[in-house]
>>> print(open('entry39.cif').read())   # mmCIF, C-alpha atoms
data_structure
#
loop_
_atom_site.label_atom_id
_atom_site.label_comp_id
_atom_site.auth_asym_id
_atom_site.auth_seq_id
_atom_site.Cartn_x
_atom_site.Cartn_y
_atom_site.Cartn_z
CA MET A 123 20.87 -41.58 18.66
CA PRO A 124 20.87 -41.50 14.84
CA GLN A 125 21.36 -37.73 14.91
CA LEU A 126 24.91 -38.21 16.14
CA ASP A 127 25.92 -40.64 13.39
CA VAL A 128 28.63 -38.50 11.82
CA SER A 129 28.87 -40.74 8.76
CA THR A 130 25.49 -39.45 7.55
CA PHE A 131 26.46 -35.77 7.91
CA PRO A 132 28.05 -35.21 4.49
CA SER A 133 25.06 -36.71 2.69
CA GLN A 134 22.56 -34.69 4.72
CA VAL A 135 24.41 -31.42 4.27
CA PHE A 136 24.98 -32.14 0.58
CA TRP A 137 21.32 -32.81 -0.11
CA LEU A 138 20.25 -29.94 2.10
CA VAL A 139 22.37 -27.59 0.01
CA VAL A 140 21.13 -29.09 -3.26
CA THR A 141 17.43 -29.13 -2.38
CA PHE A 142 17.48 -25.75 -0.69
CA ALA A 143 19.34 -24.19 -3.61
CA VAL A 144 16.77 -25.64 -6.00
CA LEU A 145 13.96 -24.39 -3.76
CA TYR A 146 15.51 -20.94 -3.54
CA VAL A 147 15.84 -20.68 -7.32
CA LEU A 148 12.29 -21.95 -7.85
CA MET A 149 10.89 -19.52 -5.29
CA ALA A 150 12.92 -16.51 -6.43
CA ARG A 151 12.43 -17.07 -10.16
CA LEU A 152 9.03 -18.70 -10.39
CA ALA A 153 6.82 -18.69 -7.32
CA ILE A 154 7.45 -15.30 -5.73
CA PRO A 155 7.19 -13.27 -8.98
CA ARG A 156 3.89 -15.00 -9.64
CA ILE A 157 2.42 -14.18 -6.23
CA GLU A 158 3.94 -10.72 -6.40
CA ALA A 159 2.29 -10.13 -9.77
CA ALA A 160 -1.11 -11.15 -8.40
CA VAL A 161 -0.79 -9.12 -5.20
CA GLU A 162 0.75 -6.16 -6.97
CA GLY A 163 -1.83 -6.34 -9.74
CA ARG A 164 -4.59 -6.25 -7.18
CA ARG A 165 -2.99 -3.33 -5.36
CA VAL A 166 -2.59 -1.38 -8.60
CA ARG A 167 -6.14 -2.19 -9.61
CA ILE A 168 -7.58 -1.12 -6.26
CA GLU A 169 -5.53 2.06 -6.24
CA GLY A 170 -6.59 2.77 -9.82
CA ASP A 171 -10.23 2.21 -8.91
CA LEU A 172 -9.96 4.43 -5.86
CA ASP A 173 -8.22 7.03 -7.99
CA ARG A 174 -10.93 6.91 -10.62
CA ALA A 175 -13.63 7.08 -7.97
CA GLY A 176 -11.95 10.14 -6.49
CA ARG A 177 -11.68 11.73 -9.91
CA MET A 178 -15.34 11.01 -10.65
CA LYS A 179 -16.33 12.39 -7.29
CA SER A 180 -14.50 15.65 -7.92
CA GLU A 181 -16.03 15.76 -11.39
CA ALA A 182 -19.48 15.29 -9.94
CA GLU A 183 -18.76 17.97 -7.39
CA ALA A 184 -17.65 20.32 -10.18
CA VAL A 185 -20.85 19.57 -12.08
CA ILE A 186 -22.93 20.22 -8.97
CA ALA A 187 -21.08 23.47 -8.36
CA ALA A 188 -21.62 24.53 -11.98
CA TYR A 189 -25.30 23.60 -11.72
CA GLU A 190 -25.69 25.55 -8.53
CA LYS A 191 -23.91 28.53 -10.05
CA ALA A 192 -26.17 28.39 -13.09
CA LEU A 193 -29.16 28.20 -10.79
CA ALA A 194 -27.98 31.18 -8.77
CA ASP A 195 -27.24 33.08 -11.97
CA ALA A 196 -30.70 32.35 -13.31
CA ARG A 197 -32.26 33.40 -10.04
CA HIS A 198 -30.27 36.59 -10.07
CA GLN A 199 -31.18 37.23 -13.69
CA ALA A 200 -34.83 36.66 -12.95
CA GLN A 201 -34.68 39.08 -10.07
CA LEU A 202 -33.01 41.65 -12.29
CA THR A 203 -35.63 41.24 -14.97
CA MET A 204 -38.41 41.42 -12.42
CA LYS A 205 -36.99 44.55 -10.88
CA GLU A 206 -36.45 46.14 -14.26
CA THR A 207 -39.99 45.35 -15.35
CA THR A 208 -41.42 46.64 -12.10
CA ASP A 209 -39.39 49.81 -12.44
CA ARG A 210 -40.49 50.29 -16.01
CA LEU A 211 -44.12 49.67 -15.17
CA ASN A 212 -43.88 51.95 -12.16
CA ALA A 213 -42.31 54.65 -14.28
CA ALA A 214 -45.01 54.28 -16.93
CA ALA A 215 -47.73 54.40 -14.30
CA ALA A 216 -46.18 57.47 -12.72
CA GLU A 217 -45.92 59.08 -16.13
CA ARG A 218 -49.54 58.39 -16.92
CA GLN A 219 -50.58 59.58 -13.51
CA LYS A 220 -48.63 62.76 -14.07
CA ALA A 221 -50.18 63.22 -17.49
CA ALA A 222 -53.63 62.57 -16.12
CA ALA A 223 -53.03 64.99 -13.27
CA ALA A 224 -51.80 67.61 -15.73
CA ALA A 225 -54.83 67.10 -17.96
CA ILE A 226 -57.14 67.32 -14.99
CA ALA A 227 -55.39 70.45 -13.76
CA GLU A 228 -55.66 71.97 -17.23
CA ARG A 229 -59.29 71.18 -17.45
CA THR A 230 -59.87 72.49 -13.94
CA ALA A 231 -58.07 75.70 -14.85
CA ALA A 232 -60.13 76.05 -18.06
CA ALA A 233 -63.35 75.44 -16.18
CA GLU A 234 -62.35 77.89 -13.49
CA ALA A 235 -61.54 80.45 -16.21
CA ARG A 236 -64.90 79.84 -17.79
CA ILE A 237 -66.64 80.19 -14.46
CA ALA A 238 -64.76 83.41 -13.78
CA ALA A 239 -65.71 84.74 -17.22
CA ALA A 240 -69.34 83.79 -16.66
CA LYS A 241 -69.18 85.41 -13.26
CA ARG A 242 -67.72 88.57 -14.76
CA ALA A 243 -70.34 88.53 -17.49
CA ALA A 244 -73.05 87.98 -14.93
CA MET A 245 -71.70 90.78 -12.83
CA ALA A 246 -71.64 93.10 -15.86
CA ASP A 247 -75.25 92.14 -16.75
CA LEU A 248 -76.22 92.65 -13.13
CA ARG A 249 -75.17 96.30 -13.27
CA THR A 250 -77.11 97.04 -16.46
CA ILE A 251 -80.14 95.24 -15.08
CA ALA A 252 -79.79 97.03 -11.77
CA VAL A 253 -79.51 100.39 -13.50
CA ASP A 254 -82.58 99.59 -15.60
CA VAL A 255 -84.47 98.35 -12.55
CA ALA A 256 -83.41 101.41 -10.59
CA ARG A 257 -84.54 103.86 -13.40
CA SER A 258 -87.83 102.15 -13.96
CA ALA A 259 -88.46 101.88 -10.23
CA ALA A 260 -87.65 105.58 -9.79
CA ALA A 261 -89.92 106.44 -12.71
CA ARG A 262 -92.82 104.45 -11.21
CA LEU A 263 -92.32 105.59 -7.65
CA VAL A 264 -91.22 109.17 -8.09
CA GLY A 265 -92.37 109.77 -11.68
CA THR A 266 -89.11 111.26 -12.75
CA GLU A 267 -86.87 110.06 -15.43
CA VAL A 268 -83.52 109.39 -13.75
CA ASP A 269 -80.61 110.07 -15.94
CA GLU A 270 -78.79 106.88 -16.90
CA ALA A 271 -75.45 108.17 -15.70
CA ARG A 272 -76.73 109.09 -12.23
CA ALA A 273 -78.53 105.78 -11.88
CA GLY A 274 -75.38 103.99 -12.94
CA ALA A 275 -73.34 105.85 -10.31
CA ALA A 276 -75.83 104.99 -7.62
CA VAL A 277 -75.82 101.33 -8.56
CA ASP A 278 -72.05 101.28 -8.65
CA ALA A 279 -71.94 102.79 -5.17
CA VAL A 280 -74.27 100.08 -3.82
CA LEU A 281 -72.38 97.34 -5.61
CA LYS A 282 -69.12 98.66 -4.23
CA GLY A 283 -70.63 98.64 -0.77
CA HIS A 284 -71.63 95.00 -1.27
CA ALA A 285 -68.52 93.96 -2.87
CA MET B 1359 17.35 -60.65 19.84
CA ALA B 1360 14.01 -59.25 20.87
CA VAL B 1361 15.48 -55.78 21.17
CA GLU B 1362 17.10 -56.07 17.77
CA GLN B 1363 13.87 -57.22 16.20
CA ALA B 1364 11.98 -54.40 17.87
CA THR B 1365 14.52 -51.92 16.52
CA GLU B 1366 14.26 -53.39 13.06
CA HIS B 1367 10.47 -53.00 13.07
CA GLY B 1368 10.66 -49.43 14.23
CA ALA B 1369 9.49 -50.04 17.78
CA SER B 1370 12.37 -47.99 19.18
CA PRO B 1371 11.29 -44.38 19.55
CA LEU B 1372 14.51 -43.30 17.90
CA HIS B 1373 14.17 -45.62 14.93
CA GLN B 1374 12.21 -42.96 13.04
CA PHE B 1375 15.33 -40.80 12.94
CA VAL B 1376 17.55 -43.43 11.32
CA ILE B 1377 19.07 -42.34 8.02
CA GLU B 1378 18.61 -45.00 5.35
CA ARG B 1379 20.61 -44.96 2.14
CA LEU B 1380 18.21 -45.24 -0.75
CA VAL B 1381 20.66 -44.60 -3.61
CA PRO B 1382 24.29 -45.02 -2.54
CA LEU B 1383 26.47 -42.24 -3.95
CA HIS B 1384 30.09 -41.38 -3.31
CA ILE B 1385 32.38 -38.56 -4.29
CA GLY B 1386 35.85 -39.83 -3.53
CA HIS B 1387 35.59 -41.14 0.00
CA VAL B 1388 32.70 -38.85 0.91
CA ASP B 1389 29.35 -40.56 1.22
CA ILE B 1390 26.64 -38.39 -0.35
CA SER B 1391 24.06 -41.12 -0.79
CA PHE B 1392 20.48 -40.18 -1.55
CA THR B 1393 18.78 -41.06 1.73
CA ASN B 1394 15.29 -40.94 3.21
CA SER B 1395 16.25 -37.50 4.50
CA SER B 1396 17.17 -36.40 0.98
CA LEU B 1397 13.95 -37.92 -0.29
CA PHE B 1398 11.82 -35.88 2.06
CA MET B 1399 13.79 -32.73 1.34
CA THR B 1400 13.03 -33.34 -2.32
CA ILE B 1401 9.38 -34.06 -1.52
CA ALA B 1402 9.19 -30.79 0.45
CA VAL B 1403 10.69 -28.80 -2.44
CA VAL B 1404 8.29 -30.42 -4.90
CA ALA B 1405 5.35 -29.92 -2.53
CA ILE B 1406 6.14 -26.24 -1.88
CA THR B 1407 6.69 -25.45 -5.55
CA GLY B 1408 3.71 -27.56 -6.64
CA PHE B 1409 1.47 -25.96 -4.03
CA ILE B 1410 2.36 -22.41 -5.02
CA MET B 1411 2.31 -23.03 -8.77
CA PHE B 1412 -1.01 -24.86 -8.52
CA SER B 1413 -2.50 -22.18 -6.28
CA MET B 1414 -1.31 -19.35 -8.46
CA SER B 1415 -2.19 -20.93 -11.81
CA GLY B 1416 -4.70 -18.65 -13.44
CA ALA B 1417 -4.32 -16.16 -10.63
CA GLN B 1418 -7.33 -13.92 -10.37
CA LEU B 1419 -8.04 -10.47 -9.11
CA VAL B 1420 -10.38 -11.90 -6.50
CA PRO B 1421 -8.29 -14.81 -5.26
CA THR B 1422 -9.56 -18.36 -5.26
CA ARG B 1423 -9.28 -20.31 -2.01
CA TRP B 1424 -5.96 -21.90 -2.96
CA GLN B 1425 -4.66 -18.61 -4.25
CA SER B 1426 -5.47 -16.81 -1.03
CA VAL B 1427 -3.59 -19.46 0.95
CA ALA B 1428 -0.49 -19.01 -1.20
CA GLU B 1429 -0.85 -15.24 -0.93
CA LEU B 1430 -1.28 -15.61 2.82
CA PHE B 1431 2.16 -17.22 3.10
CA TYR B 1432 3.62 -14.52 0.92
CA GLU B 1433 2.02 -11.66 2.88
CA PHE B 1434 2.94 -13.28 6.17
CA ILE B 1435 6.65 -13.49 5.34
CA ALA B 1436 6.63 -10.14 3.53
CA ASN B 1437 5.19 -8.45 6.64
CA MET B 1438 7.63 -10.30 8.86
CA VAL B 1439 10.59 -9.12 6.79
CA ARG B 1440 9.22 -5.56 6.56
CA ASP B 1441 8.48 -5.30 10.29
CA ASN B 1442 11.65 -6.94 11.56
CA VAL B 1443 14.28 -6.07 8.98
CA GLY B 1444 12.90 -2.97 7.32
CA SER B 1445 12.97 -1.92 3.71
CA ALA B 1446 16.63 -3.00 3.40
CA GLY B 1447 15.49 -6.58 3.94
CA ARG B 1448 13.58 -6.62 0.66
CA GLN B 1449 16.45 -8.25 -1.23
CA TYR B 1450 16.62 -11.10 1.30
CA PHE B 1451 12.91 -11.82 1.04
CA PRO B 1452 13.23 -14.77 -1.37
CA PHE B 1453 15.70 -16.42 0.99
CA ILE B 1454 13.57 -15.85 4.09
CA PHE B 1455 10.50 -17.08 2.24
CA SER B 1456 12.27 -20.23 1.01
CA LEU B 1457 13.67 -20.81 4.50
CA PHE B 1458 10.28 -20.56 6.15
CA MET B 1459 8.61 -22.82 3.60
CA PHE B 1460 11.44 -25.36 3.76
CA VAL B 1461 11.32 -25.61 7.57
CA LEU B 1462 7.53 -25.46 7.74
CA PHE B 1463 7.00 -28.16 5.13
CA GLY B 1464 9.78 -30.25 6.66
CA ASN B 1465 8.05 -30.05 10.04
CA LEU B 1466 4.55 -30.60 8.70
CA ILE B 1467 5.36 -33.45 6.32
CA GLY B 1468 7.16 -35.05 9.23
CA MET B 1469 3.86 -35.09 11.13
CA ILE B 1470 2.50 -37.67 8.71
CA PRO B 1471 3.11 -41.17 10.10
CA PHE B 1472 5.95 -43.19 8.52
CA THR B 1473 7.54 -40.11 7.01
CA PHE B 1474 10.93 -38.69 7.87
CA THR B 1475 11.44 -35.30 9.52
CA TYR B 1476 14.65 -33.84 8.17
CA THR B 1477 14.42 -30.91 10.61
CA SER B 1478 14.83 -33.40 13.48
CA HIS B 1479 18.48 -33.82 12.59
CA ILE B 1480 20.91 -31.48 14.27
CA ILE B 1481 23.25 -31.47 11.31
CA VAL B 1482 20.51 -30.13 9.01
CA THR B 1483 19.32 -27.40 11.37
CA PHE B 1484 22.91 -26.56 12.28
CA ALA B 1485 23.93 -26.30 8.62
CA MET B 1486 21.06 -23.87 8.04
CA ALA B 1487 21.76 -21.90 11.20
CA PHE B 1488 25.47 -21.77 10.50
CA PHE B 1489 24.87 -20.58 6.95
CA ILE B 1490 22.57 -17.86 8.29
CA PHE B 1491 25.14 -16.90 10.94
CA VAL B 1492 27.97 -16.61 8.41
CA ALA B 1493 25.82 -14.81 5.86
CA VAL B 1494 24.49 -12.34 8.44
CA THR B 1495 27.98 -11.62 9.74
CA LEU B 1496 29.29 -11.09 6.21
CA ILE B 1497 26.38 -8.76 5.41
CA ALA B 1498 27.12 -6.79 8.58
CA ILE B 1499 30.84 -6.49 7.81
CA LYS B 1500 30.14 -5.55 4.21
CA ARG B 1501 27.71 -2.85 5.28
CA HIS B 1502 29.57 -1.40 8.23
CA GLY B 1503 33.17 -2.51 7.76
CA PHE B 1504 35.24 -2.27 10.92
CA HIS B 1505 32.39 -0.35 12.54
CA PHE B 1506 30.57 -3.68 12.83
CA PHE B 1507 32.65 -4.59 15.89
CA THR B 1508 31.08 -1.73 17.86
CA TYR B 1509 28.07 -4.03 17.92
CA PHE B 1510 29.74 -5.84 20.82
CA ALA B 1511 30.34 -2.61 22.75
CA PRO B 1512 27.06 -0.84 23.51
CA LYS B 1513 27.48 2.94 23.63
CA GLY B 1514 27.51 5.02 26.79
CA LEU B 1515 28.69 2.35 29.21
CA PRO B 1516 31.46 2.82 31.78
CA VAL B 1517 34.70 0.95 31.11
CA PRO B 1518 34.38 -1.58 33.96
CA LEU B 1519 30.99 -2.61 32.66
CA LEU B 1520 32.32 -2.81 29.11
CA ILE B 1521 35.02 -5.28 30.21
CA LEU B 1522 32.27 -7.48 31.49
CA LEU B 1523 29.79 -6.86 28.69
CA ILE B 1524 31.95 -7.26 25.59
CA PRO B 1525 32.75 -10.93 26.20
CA ILE B 1526 29.09 -11.59 26.99
CA GLU B 1527 28.02 -9.88 23.78
CA ILE B 1528 30.59 -11.80 21.74
CA ILE B 1529 29.59 -15.11 23.27
CA SER B 1530 25.88 -14.46 22.81
CA TYR B 1531 26.56 -13.52 19.19
CA CYS B 1532 28.67 -16.56 18.43
CA ILE B 1533 26.30 -18.94 20.18
CA ARG B 1534 23.49 -17.96 17.81
CA PRO B 1535 23.94 -20.83 15.33
CA MET B 1536 23.87 -23.26 18.25
CA THR B 1537 20.71 -21.89 19.87
CA LEU B 1538 18.96 -21.46 16.54
CA SER B 1539 19.68 -25.01 15.38
CA ILE B 1540 19.21 -26.80 18.70
CA ARG B 1541 15.86 -25.10 19.33
CA LEU B 1542 14.39 -26.45 16.11
CA PHE B 1543 16.06 -29.87 16.18
CA ALA B 1544 15.28 -30.51 19.86
CA ASN B 1545 11.65 -29.48 19.50
CA MET B 1546 11.09 -31.72 16.52
CA MET B 1547 12.98 -34.67 17.92
CA ALA B 1548 11.43 -34.49 21.39
CA GLY B 1549 7.90 -34.27 20.06
CA HIS B 1550 8.30 -37.13 17.61
CA THR B 1551 9.98 -39.29 20.23
CA MET B 1552 7.18 -38.63 22.71
CA LEU B 1553 4.58 -39.54 20.12
CA VAL B 1554 6.23 -42.88 19.38
CA ILE B 1555 6.87 -43.68 23.06
CA PHE B 1556 3.21 -43.19 23.88
CA ALA B 1557 2.16 -45.04 20.75
CA GLY B 1558 4.22 -47.96 22.04
CA PHE B 1559 2.11 -48.04 25.20
CA VAL B 1560 -1.13 -48.32 23.26
CA PHE B 1561 -0.67 -52.05 22.50
CA ALA B 1562 1.26 -52.79 25.66
CA LEU B 1563 -1.55 -51.65 27.96
CA GLY B 1564 -4.33 -53.57 26.25
CA ILE B 1565 -7.72 -52.02 26.96
CA PHE B 1566 -6.08 -49.19 28.89
CA GLY B 1567 -4.24 -48.39 25.72
CA VAL B 1568 -6.97 -45.84 24.98
CA LEU B 1569 -5.30 -43.53 27.49
CA PRO B 1570 -1.97 -43.20 25.67
CA LEU B 1571 -3.95 -43.18 22.43
CA ALA B 1572 -6.01 -40.24 23.66
CA PHE B 1573 -2.81 -38.59 24.81
CA ASP B 1574 -1.28 -39.06 21.35
CA VAL B 1575 -4.35 -37.56 19.69
CA PHE B 1576 -4.04 -34.52 21.91
CA PHE B 1577 -0.28 -34.44 21.59
CA ILE B 1578 -0.29 -34.58 17.82
CA LEU B 1579 -2.36 -31.37 17.83
CA LEU B 1580 0.24 -29.80 20.06
CA GLU B 1581 2.96 -31.10 17.76
CA LEU B 1582 1.24 -29.51 14.75
CA LEU B 1583 1.32 -26.23 16.64
CA VAL B 1584 4.97 -26.75 17.50
CA ALA B 1585 5.76 -27.59 13.87
CA VAL B 1586 4.30 -24.29 12.69
CA LEU B 1587 5.59 -22.31 15.64
CA GLN B 1588 9.16 -23.54 15.31
CA ALA B 1589 9.21 -22.71 11.61
CA TYR B 1590 7.98 -19.24 12.56
CA VAL B 1591 10.53 -18.86 15.35
CA PHE B 1592 13.39 -20.03 13.13
CA THR B 1593 12.40 -17.54 10.45
CA ILE B 1594 11.73 -14.57 12.70
CA LEU B 1595 15.05 -15.06 14.50
CA THR B 1596 16.75 -15.03 11.11
CA CYS B 1597 14.96 -11.76 10.41
CA ILE B 1598 16.08 -10.32 13.73
CA TYR B 1599 19.71 -11.34 13.11
CA LEU B 1600 19.44 -9.74 9.68
CA HIS B 1601 18.06 -6.61 11.28
CA ASP B 1602 21.01 -6.49 13.69
CA ALA B 1603 23.41 -6.90 10.77
CA ILE B 1604 21.84 -4.09 8.79
CA HIS B 1605 21.10 -1.61 11.57
CA LEU B 1606 23.60 -2.65 14.33
CA HIS B 1607 21.08 -2.51 17.19
#
>>> encode(input="entry39.cif", output="structure tokens")
Amino acid sequence: MPQLDVSTFPSQVFWLVVTFAVLYVLMARLAIPRIEAAVEGRRVRIEGDLDRAGRMKSEAEAVIAAYEKALADARHQAQLTMKETTDRLNAAAAERQKAAAAAIAERTAAAEARIAAAKRAAMADLRTIAVDVARSAAARLVGTEVDEARAGAAVDAVLKGHA
Amino acid sequence: MAVEQATEHGASPLHQFVIERLVPLHIGHVDISFTNSSLFMTIAVVAITGFIMFSMSGAQLVPTRWQSVAELFYEFIANMVRDNVGSAGRQYFPFIFSLFMFVLFGNLIGMIPFTFTYTSHIIVTFAMAFFIFVAVTLIAIKRHGFHFFTYFAPKGLPVPLLILLIPIEIISYCIRPMTLSIRLFANMMAGHTMLVIFAGFVFALGIFGVLPLAFDVFFILLELLVAVLQAYVFTILTCIYLHDAIHLH
């Protein structure tokens, strides 16, 4: 069995040490740093990309939040404006209604006063006419001139009874 | 005569393991000739370095096919070291990586007909295993000092059991370079010998030679698996020994 030929041992061990030492140095100094750089570079790149994506996502979310806030603000503002306008218009309408009602009431009062005055005037005329009618009727029927004062009293008494 | 001739032409299943001096070299009386074994060690080193440097030349963010293969080896060993040794094993990563590549390429190049498999020689695997054993023990002693020897005495055991267990622990620890080296060497040697034995039957059996030929075709697939698996086993055991040295159980 050639494996047990002791005379070859020193040469095999010697060249094993030499070649393995060379391999170790080549791997440690040359090959591994190169692979490491590639793998590490990729890892850093991927992490950076993920990082940036996360940052962009949060930025987008902030923008969306700001947009939604602006929208809500605008909606709120619009509601305020609408309410204010409605209130103002309502107030104006109420004012005008009040004014109109006041004017109407004033005119009603004036008309009523006029009517009352006319009524009073009519009533006053009625007495004079009644007195006249009563005197002339008495003169025609009885043939006596009735004194104006007595006729007036009689008319007053009748009017009072009617009133 | 016939036997000699057969041996000369490589018909003997063991002929493939013969060390041939290519460039005779001596230091004093020690023979350190450059042999076929040395040649294939050199070829492996050149192949590993060439493969990685070629694959990683112009490395890109999205790896090319070659680049992803080189990165696969890297990630594979990096994960193995991380899972089995922990973060303290980081500094030993270049060694573990070189070890895996050296054994793997030694095994795989040896699968090519007419090549030499340096991992099929016990002295090579033993030298590696012994170096690992000594290094691991030194790392353990450096890290834990005298406390390292508690490794052989598991905690919480009654004294009678300890008397039995300590020698077993010490033996199983010291036998590590043997088991580690013999596992790799025996696997490689047995497989290669089997392949050549059955290849010898191909011509001897005439038309029925297709049977051993078919067997060899199947067996070479198995041997490829063994080549990769044994490199993996050798490396992961090194990781586990390193883990023991750093964490003491």
>>> atom_distance(input="entry39.cif", atom1="CA of His1605 in chain B", atom2="CA of Phe1507 in chain B")
12.7 Å
>>> residues_around(input="entry39.cif", residues="Thr250 in chain A", least_positions_apart="3", cutoff="12 Å", atoms="all atoms listed in the file", output="VMD selection string")
chain A and resid 243 to 247 253 to 257 270 to 271 273 to 278 281
>>> interface_residues(input="entry39.cif", of="chain B", to="chain A", cutoff="8 Å", atoms="all atoms listed in the file", output="count of residues only")
37
>>> atom_distance(input="entry39.cif", atom1="CA of Ala1498 in chain B", atom2="CA of Ile1604 in chain B")
5.9 Å
>>> axis_aligned_box(input="entry39.cif", around="range 1370-1374 of chain B", padding_each_side="8 Å", output="JSON")
{"center_x": 12.9, "center_y": -45.5, "center_z": 16.3, "size_x": 19.2, "size_y": 21.0, "size_z": 22.5}
>>> closest_residue(input="entry39.cif", among="A:Gln201, A:Ala261, A:Ala252, A:Glu267", to="Val280 in chain A", atoms="only C-alpha atoms")
A:Ala252
>>> atom_distance(input="entry39.cif", atom1="CA of Val1560 in chain B", atom2="CA of Thr1473 in chain B")
20.2 Å
>>> resolve_selection(input="entry39.cif", expression="the PyMOL selection byres ((chain B and resi 1571-1587) around 8)", output="JSON, numbers by chain")
{"B": [1462, 1465, 1466, 1469, 1545, 1546, 1549, 1553, 1556, 1557, 1560, 1567, 1568, 1569, 1570, 1588, 1589, 1590, 1591]}
>>> closest_residue(input="entry39.cif", among="B:Thr1422, B:Asn1437, B:Ser1415, B:Asn1442", to="Cys1597 in chain B", atoms="all atoms listed in the file")
B:Asn1442
>>> closest_residue(input="entry39.cif", among="B:Phe1463, B:Phe1412, B:Tyr1531, B:Phe1472", to="Phe1491 in chain B", atoms="all atoms listed in the file")
B:Tyr1531
>>> residues_near_point(input="entry39.cif", point="(11.7, -6.7, 4.0)", cutoff="12 Å", atoms="all atoms listed in the file", output="PyMOL selection string")
chain B and resi 1432-1455+1594+1597-1598+1600-1601+1604
>>> closest_residue(input="entry39.cif", among="B:Thr1508, B:Phe1431, B:Gly1408, B:Pro1421", to="Asp1602 in chain B", atoms="all atoms listed in the file")
B:Thr1508
>>> decode(input="entry39.cif", residues="range 271-276 of chain A", atoms="all heavy atoms", output="CSV table (one decimal), in the first residue's frame")
chain,number,residue,atom,x,y,z
A,271,ALA,N,-132.3,123.1,22.1
A,271,ALA,CA,-131.7,122.4,23.3
A,271,ALA,C,-132.5,121.2,23.8
A,271,ALA,O,-132.0,120.2,24.0
A,271,ALA,CB,-131.6,123.5,24.4
A,272,ARG,N,-133.9,121.4,23.8
A,272,ARG,CA,-134.7,120.2,24.2
A,272,ARG,C,-134.6,119.1,23.2
A,272,ARG,O,-134.5,117.9,23.6
A,272,ARG,CB,-136.2,120.7,24.3
A,272,ARG,CG,-136.4,121.4,25.6
A,272,ARG,CD,-137.9,121.8,25.7
A,272,ARG,NE,-138.7,120.6,25.8
A,272,ARG,CZ,-140.0,120.6,25.6
A,272,ARG,NH1,-140.6,121.8,25.4
A,272,ARG,NH2,-140.8,119.6,25.7
A,273,ALA,N,-134.6,119.4,21.9
A,273,ALA,CA,-134.4,118.4,20.9
A,273,ALA,C,-133.1,117.7,21.0
A,273,ALA,O,-133.1,116.5,21.0
A,273,ALA,CB,-134.5,119.0,19.5
A,274,GLY,N,-132.1,118.5,21.3
A,274,GLY,CA,-130.7,117.9,21.5
A,274,GLY,C,-130.8,116.9,22.6
A,274,GLY,O,-130.2,115.8,22.6
A,275,ALA,N,-131.4,117.3,23.7
A,275,ALA,CA,-131.4,116.4,24.9
A,275,ALA,C,-132.1,115.1,24.6
A,275,ALA,O,-131.7,114.0,25.0
A,275,ALA,CB,-132.1,117.2,26.1
A,276,ALA,N,-133.3,115.3,23.9
A,276,ALA,CA,-134.0,114.1,23.5
A,276,ALA,C,-133.2,113.1,22.7
A,276,ALA,O,-133.2,111.9,22.9
A,276,ALA,CB,-135.3,114.5,22.8
